[in-house]
Amino acid sequence: MKRPIAAALGFTLLIATYSPAALADTHWTEARIPGTSDQALVLGRDLDGDGDPDEITIRLEVIELTEEVYPGEFVKFWVFAPEGKGMTPVARVPSLTIRVEQGDRVRIILSNTHYFPHTIHLHGTIHPNAMDGVPGITQAAVMPGESFEYKFVAKNPGTFFYHCHVQPDVHVLMGLGGMLIIEPNRPNNIFTHLVPGAGRMPDLAKATVEEGYGREYSLVYLDIDSRLNRIPAAYKDPREIEKRMHRDYDSTQRKANIFLLNGRSFPFTLRDTPIEVKSGERVKLRILNAGARPMKLHTHGHHPTLTHLDGYPVPAGMRVTRDVFDIGAAQRIDLELRPGDDDVYASGPGVWIMHDHTEHTVTNKGISPGGDITAIVYEGFMGDDGLPKTAVSLERYFDPEYYLGHVPVFNPKIFNTTRDAYEYGWPEDEPVGGKFTYPVRENK
Amino acid sequence: MKRPIAAALGFTLLIATYSPAALADTHWTEARIPGTSDQALVLGRDLDGDGDPDEITIRLEVIELTEEVYPGEFVKFWVFAPEGKGMTPVARVPSLTIRVEQGDRVRIILSNTHYFPHTIHLHGTIHPNAMDGVPGITQAAVMPGESFEYKFVAKNPGTFFYHCHVQPDVHVLMGLGGMLIIEPNRPNNIFTHLVPGAGRMPDLAKATVEEGYGREYSLVYLDIDSRLNRIPAAYKDPREIEKRMHRDYDSTQRKANIFLLNGRSFPFTLRDTPIEVKSGERVKLRILNAGARPMKLHTHGHHPTLTHLDGYPVPAGMRVTRDVFDIGAAQRIDLELRPGDDDVYASGPGVWIMHDHTEHTVTNKGISPGGDITAIVYEGFMGDDGLPKTAVSLERYFDPEYYLGHVPVFNPKIFNTTRDAYEYGWPEDEPVGGKFTYPVRENK
Amino acid sequence: MKRPIAAALGFTLLIATYSPAALADTHWTEARIPGTSDQALVLGRDLDGDGDPDEITIRLEVIELTEEVYPGEFVKFWVFAPEGKGMTPVARVPSLTIRVEQGDRVRIILSNTHYFPHTIHLHGTIHPNAMDGVPGITQAAVMPGESFEYKFVAKNPGTFFYHCHVQPDVHVLMGLGGMLIIEPNRPNNIFTHLVPGAGRMPDLAKATVEEGYGREYSLVYLDIDSRLNRIPAAYKDPREIEKRMHRDYDSTQRKANIFLLNGRSFPFTLRDTPIEVKSGERVKLRILNAGARPMKLHTHGHHPTLTHLDGYPVPAGMRVTRDVFDIGAAQRIDLELRPGDDDVYASGPGVWIMHDHTEHTVTNKGISPGGDITAIVYEGFMGDDGLPKTAVSLERYFDPEYYLGHVPVFNPKIFNTTRDAYEYGWPEDEPVGGKFTYPVRENK
């Protein structure tokens, strides 16, 4: 829609200026996410008659769920999920990516179906103070069984972050946060509004196409401390969970031990959230650090350009190109990735991993490789098994034993032994299978 | 004062060029901070005759004091305080904010009234090497009972950081650091030189007014580890304190657990150091991270613009506007805040919190809400009780029991129980007051 | 060399266009690092006839060594070292700084002389996917006794980082990383290719001279956890080391306790890796954070200008001047340091320390001063003893007892006691030597 000339006139008057034709056109089609209610997303009138819906109503509930984030690691999360239908909730971690258009009248109705109070803070968007979602300060927290309607006109386009603001040191890091995108105003701007689990955007908004992008990804990073997420699994009564999580658990002493991209750690990231690209195409990466640690995101073989900071465009002359980007807690950066072989921005086709370069974050509880590693996978490099084509089979990383530390990380043959015999003998005796012979350099 | 044309000529010759009238005018008035000596601040001659003092002498002492930083939490600090008068020291945490003018001949006389050696490092200012305050390297540490005179001509305007450089991993984090501002040269530049405890500047320097600002705040952030600050409280003999703090305490394993803005944690921040603004006014925020962790400062509802990095102006074309700013240890940023409802830089009137977005830093020892949360409070939104007007009473956060973890963070009613009965029954039996009924969504 | 006009033509055709004269000129002289084999560095043909070698072959091996990083602290490291000759390896921590020229055909042959698998990732350079060094993804890890040849044409000039990508949370932090510099194309570009231990560059490349620099430093920062480095010292069998390092050691809970610049901590940094400068000269600092923590690098008395991020030039108009620079894990920044007394970029001659301002990183296992502190030492300020001229003798910091915490950090005289009597008496009795008398301010 076009930005209203006189925003100050408010809703009512504005409607009066729209043509009846536009008002009548309220039957937008967006594929319903299986299992969600028909009220989870309601697309309303085209207020300015430019061919797309401008009244967006989204109903969210709060779901506790368990996901296997890497082989053998089942983690309890809380997420904002589109309102479900029937008994089985429809939920994925991270909380779904929400997209609206600049100028839209957005209503996000939070139905608190959880046992703790929650709110939604619309981090980075322009919105009335009463919609700021800070319990105590701007509203009372939404109690279990209650609901609250967050209403705002989407004003500033960009990449934002919606998250719970109740006990945020715990709730955000339990998964109650997701990406919120406000797309710039364009006529006939038809795109999918709800994208569960983030990842590749199913379609591009008009402005993204105009800017020359061929693909777009929503990348939500989260670092978690499994000692926290274990609490709701270990205790049944909400009062006890409250005490263990909010009073006994000391978040200031927290050290995260699981590092997620779109709810997965390596190797599941390669399967569930790869960055598929093709040479010559420009790819928009919207990146949100929903966790609590300063990220240093490295793209192997590629030097993306920073186009937006916290949703605000970086002026053209000051767009930095580098290979390790800082993304602090709650910050968002948009990157322009230019796959190809121009030898400046990209090194050519293949499978190039991408990860936080803080070394211990590419582990699963300290066992490498793991964490938020995913890969930039060029056309033709995705295998039939749904994994990128790699030099060596990654099968061993799909064995839960590996991340339990039950399996040698190196092939036991190099130590003249076998996996079975691996831990026998030492330190007292010779290793079973013979002593390791140190390699000797042969000078020519 | 005007910058001398030939700085190389030095002091003596320079004076000779000033008019006798100017030299005579040495009786500047600045309200003496109650309890300080009349030597704590001495404003000397107007050397260039432009109507303001250019010889600034500040006498500091080192004071150990205890402050209640949030309800029930009494913390021992060391601060640089203006020289006191009589037996009772005049001290506040953080160390006072000092303001001088570019071109001023500044003398900071450190009288070490403490039991440990100290120095002052003038971080970021241009000064002679001998004035750099690094014990061992540029001077001997100032021993208890001794004093040292730091003399320099203020050359580069901006926001700086003065701090002790003796055992800085302990001394700075005990509170021995404050903001040092060098105001640009202007005639008749009359402003308050010493601002205890930072916070709102009582007046603006000429250049700040010229730049269009209506208000200015000095925001000093500090993260502390209560295990360190407890040491001087727990041991009496300085030798024992030396051993416990400087040899036994391993700062590399430190995890801060209290997060301060201008010496306070939430909720005291709202009372003692709110950011009061009015629509249409431009507000200058000078921010210093005097702690040891990388801060990610988030302004709810507002997108400030970064104007200075470490006191140096960012060229106009590259001033970033965003909503989460990085401020590393010892870094300073100046932000331009534009309260109002322009829908770009500000979302409109109300009470908007501002805090480090590293989730665990908005807690008091892991109990949320706490830490460095303060609020941007618009005109008309400050209550008669000295607290911002909020949706819900904040009274419970003023109860020390809350931060001791003795009080449920949520209203016990939602669990069908009472505070008294809260911890009885579980985990073996049903909770007193009945079982919690999980909310059920009602699809329409 | 000049960049080939048609890079796409590939190697073979390109050679054909070069003059026979150039092809004949393959006898380049570069002083062999004592103890290395004559194959450690092989300078090949001048393919474009511009007077410098364009075929660079470097043979690296993996060496385990022990170095004293500060007085009394002996640490086990693993490094990439130039191929040695004879039984005694030639190794230093950090892994050597490698310099090649843009357009060079580079071959780095890794001979794995170690007991664990390793690879080399050429972080930030443009190179074929197969040369990316990620085990599993782009190649099989190089097993003990095996070798692998990394071949690439150096395309993008700048400051890069080569490091092992096998179990990087452990291997990189054990020392398997170094700086890789690609110098811009220039005729007759003769410079030293291998610089063990980084530090001052023995010569400047042509482009660096053209840019007006008089000196250049390679500064490699690394933070280590001595609990990790202790493992290969404590266990003999590689299988046991594998288990302790890669499965038992949980890097996610790591807190570094030793902070190195070019393999040394203070006070050895002052002796082994000072930044020697002279007024009026411009000095290029290439800085690599090879560790895992976000650095905040502070230059006392100086305000350098940021010229490159991760090897890519920052456009002239957006070069920031400040005094605390952010350098995240794996990031590189190039700084322009302008020693002198211009009162903007520099404060004048002397000894100015430079260090990460995260307070606890300027300690050695929590005892201050230590860590990565070095100094910017002006001409005339280096003493005959190989240490900068300082206000006070630094002798005490060369006593291992100091960093073991066996020595009071302050002169015992200030407490009316002696070092011998220091720990007797308290806390029960009066300290030997009498009670400490608190200093009393004398108001004038």
# chains A, B, ... in the order shown; residues from 1 in each chain; ligands from 1
call {"tool": "interface_residues", "arguments": {"of": "chain C", "to": "chain B", "cutoff": "7 Å", "atoms": "only C-alpha atoms", "output": "PyMOL selection string"}}
result
chain C and resi 255-257+296+301+318+321-324+343-344+347-351+357-361+365-369+390-394+405+415+438-441+443
call {"tool": "select_by_dssp", "arguments": {"residues": "stretch 361-431 of chain B", "states": "strand (DSSP E)", "output": "MDAnalysis selection string"}}
result
chainID B and resid 374:378
call {"tool": "write_last_selection", "arguments": {"atoms": "all heavy atoms", "output": "mmCIF file, in the first residue's frame"}}
result
data_model
loop_
_atom_site.group_PDB
_atom_site.id
_atom_site.type_symbol
_atom_site.label_atom_id
_atom_site.label_comp_id
_atom_site.auth_asym_id
_atom_site.auth_seq_id
_atom_site.Cartn_x
_atom_site.Cartn_y
_atom_site.Cartn_z
ATOM 1 N N THR B 374 17.011 1.335 32.575
ATOM 2 C CA THR B 374 16.405 2.585 32.996
ATOM 3 C C THR B 374 15.318 2.892 31.975
ATOM 4 O O THR B 374 14.962 2.008 31.196
ATOM 5 C CB THR B 374 17.389 3.754 33.134
ATOM 6 O OG1 THR B 374 16.689 4.861 33.740
ATOM 7 C CG2 THR B 374 17.983 4.194 31.810
ATOM 8 N N ALA B 375 14.765 4.088 31.988
ATOM 9 C CA ALA B 375 13.701 4.395 31.033
ATOM 10 C C ALA B 375 13.879 5.782 30.455
ATOM 11 O O ALA B 375 14.340 6.706 31.136
ATOM 12 C CB ALA B 375 12.333 4.265 31.680
ATOM 13 N N ILE B 376 13.514 5.892 29.189
ATOM 14 C CA ILE B 376 13.343 7.190 28.540
ATOM 15 C C ILE B 376 11.934 7.633 28.912
ATOM 16 O O ILE B 376 10.951 6.991 28.538
ATOM 17 C CB ILE B 376 13.493 7.053 27.012
ATOM 18 C CG1 ILE B 376 14.900 6.550 26.658
ATOM 19 C CG2 ILE B 376 13.164 8.355 26.320
ATOM 20 C CD1 ILE B 376 15.055 6.102 25.208
ATOM 21 N N VAL B 377 11.846 8.691 29.694
ATOM 22 C CA VAL B 377 10.560 9.107 30.268
ATOM 23 C C VAL B 377 10.169 10.451 29.672
ATOM 24 O O VAL B 377 10.868 11.452 29.869
ATOM 25 C CB VAL B 377 10.661 9.221 31.807
ATOM 26 C CG1 VAL B 377 9.300 9.549 32.405
ATOM 27 C CG2 VAL B 377 11.226 7.939 32.411
ATOM 28 N N TYR B 378 9.072 10.479 28.956
ATOM 29 C CA TYR B 378 8.623 11.710 28.333
ATOM 30 C C TYR B 378 7.990 12.640 29.369
ATOM 31 O O TYR B 378 7.465 12.189 30.410
ATOM 32 C CB TYR B 378 7.604 11.400 27.231
ATOM 33 C CG TYR B 378 8.252 11.041 25.903
ATOM 34 C CD1 TYR B 378 8.985 9.870 25.768
ATOM 35 C CD2 TYR B 378 8.128 11.878 24.794
ATOM 36 C CE1 TYR B 378 9.578 9.532 24.548
ATOM 37 C CE2 TYR B 378 8.713 11.553 23.573
ATOM 38 C CZ TYR B 378 9.442 10.381 23.461
ATOM 39 O OH TYR B 378 10.016 10.052 22.256
#
call {"tool": "residues_around", "arguments": {"residues": "C:Cys164", "least_positions_apart": "3", "cutoff": "6 Å", "atoms": "only C-alpha atoms", "output": "list of chain:residue names"}}
result
C:His118, C:Thr119, C:Ile120, C:His121, C:Leu176
call {"tool": "write_last_selection", "arguments": {"atoms": "C-alpha atoms", "output": "PDB file, in the first residue's frame"}}
result
ATOM      1  CA  HIS C 118      44.849 -31.516  10.649  1.00  0.00           C
ATOM      2  CA  THR C 119      43.996 -29.283   7.702  1.00  0.00           C
ATOM      3  CA  ILE C 120      44.529 -25.682   6.675  1.00  0.00           C
ATOM      4  CA  HIS C 121      41.639 -23.327   6.090  1.00  0.00           C
ATOM      5  CA  LEU C 176      47.421 -23.843  14.819  1.00  0.00           C
TER       6      LEU C 176
END
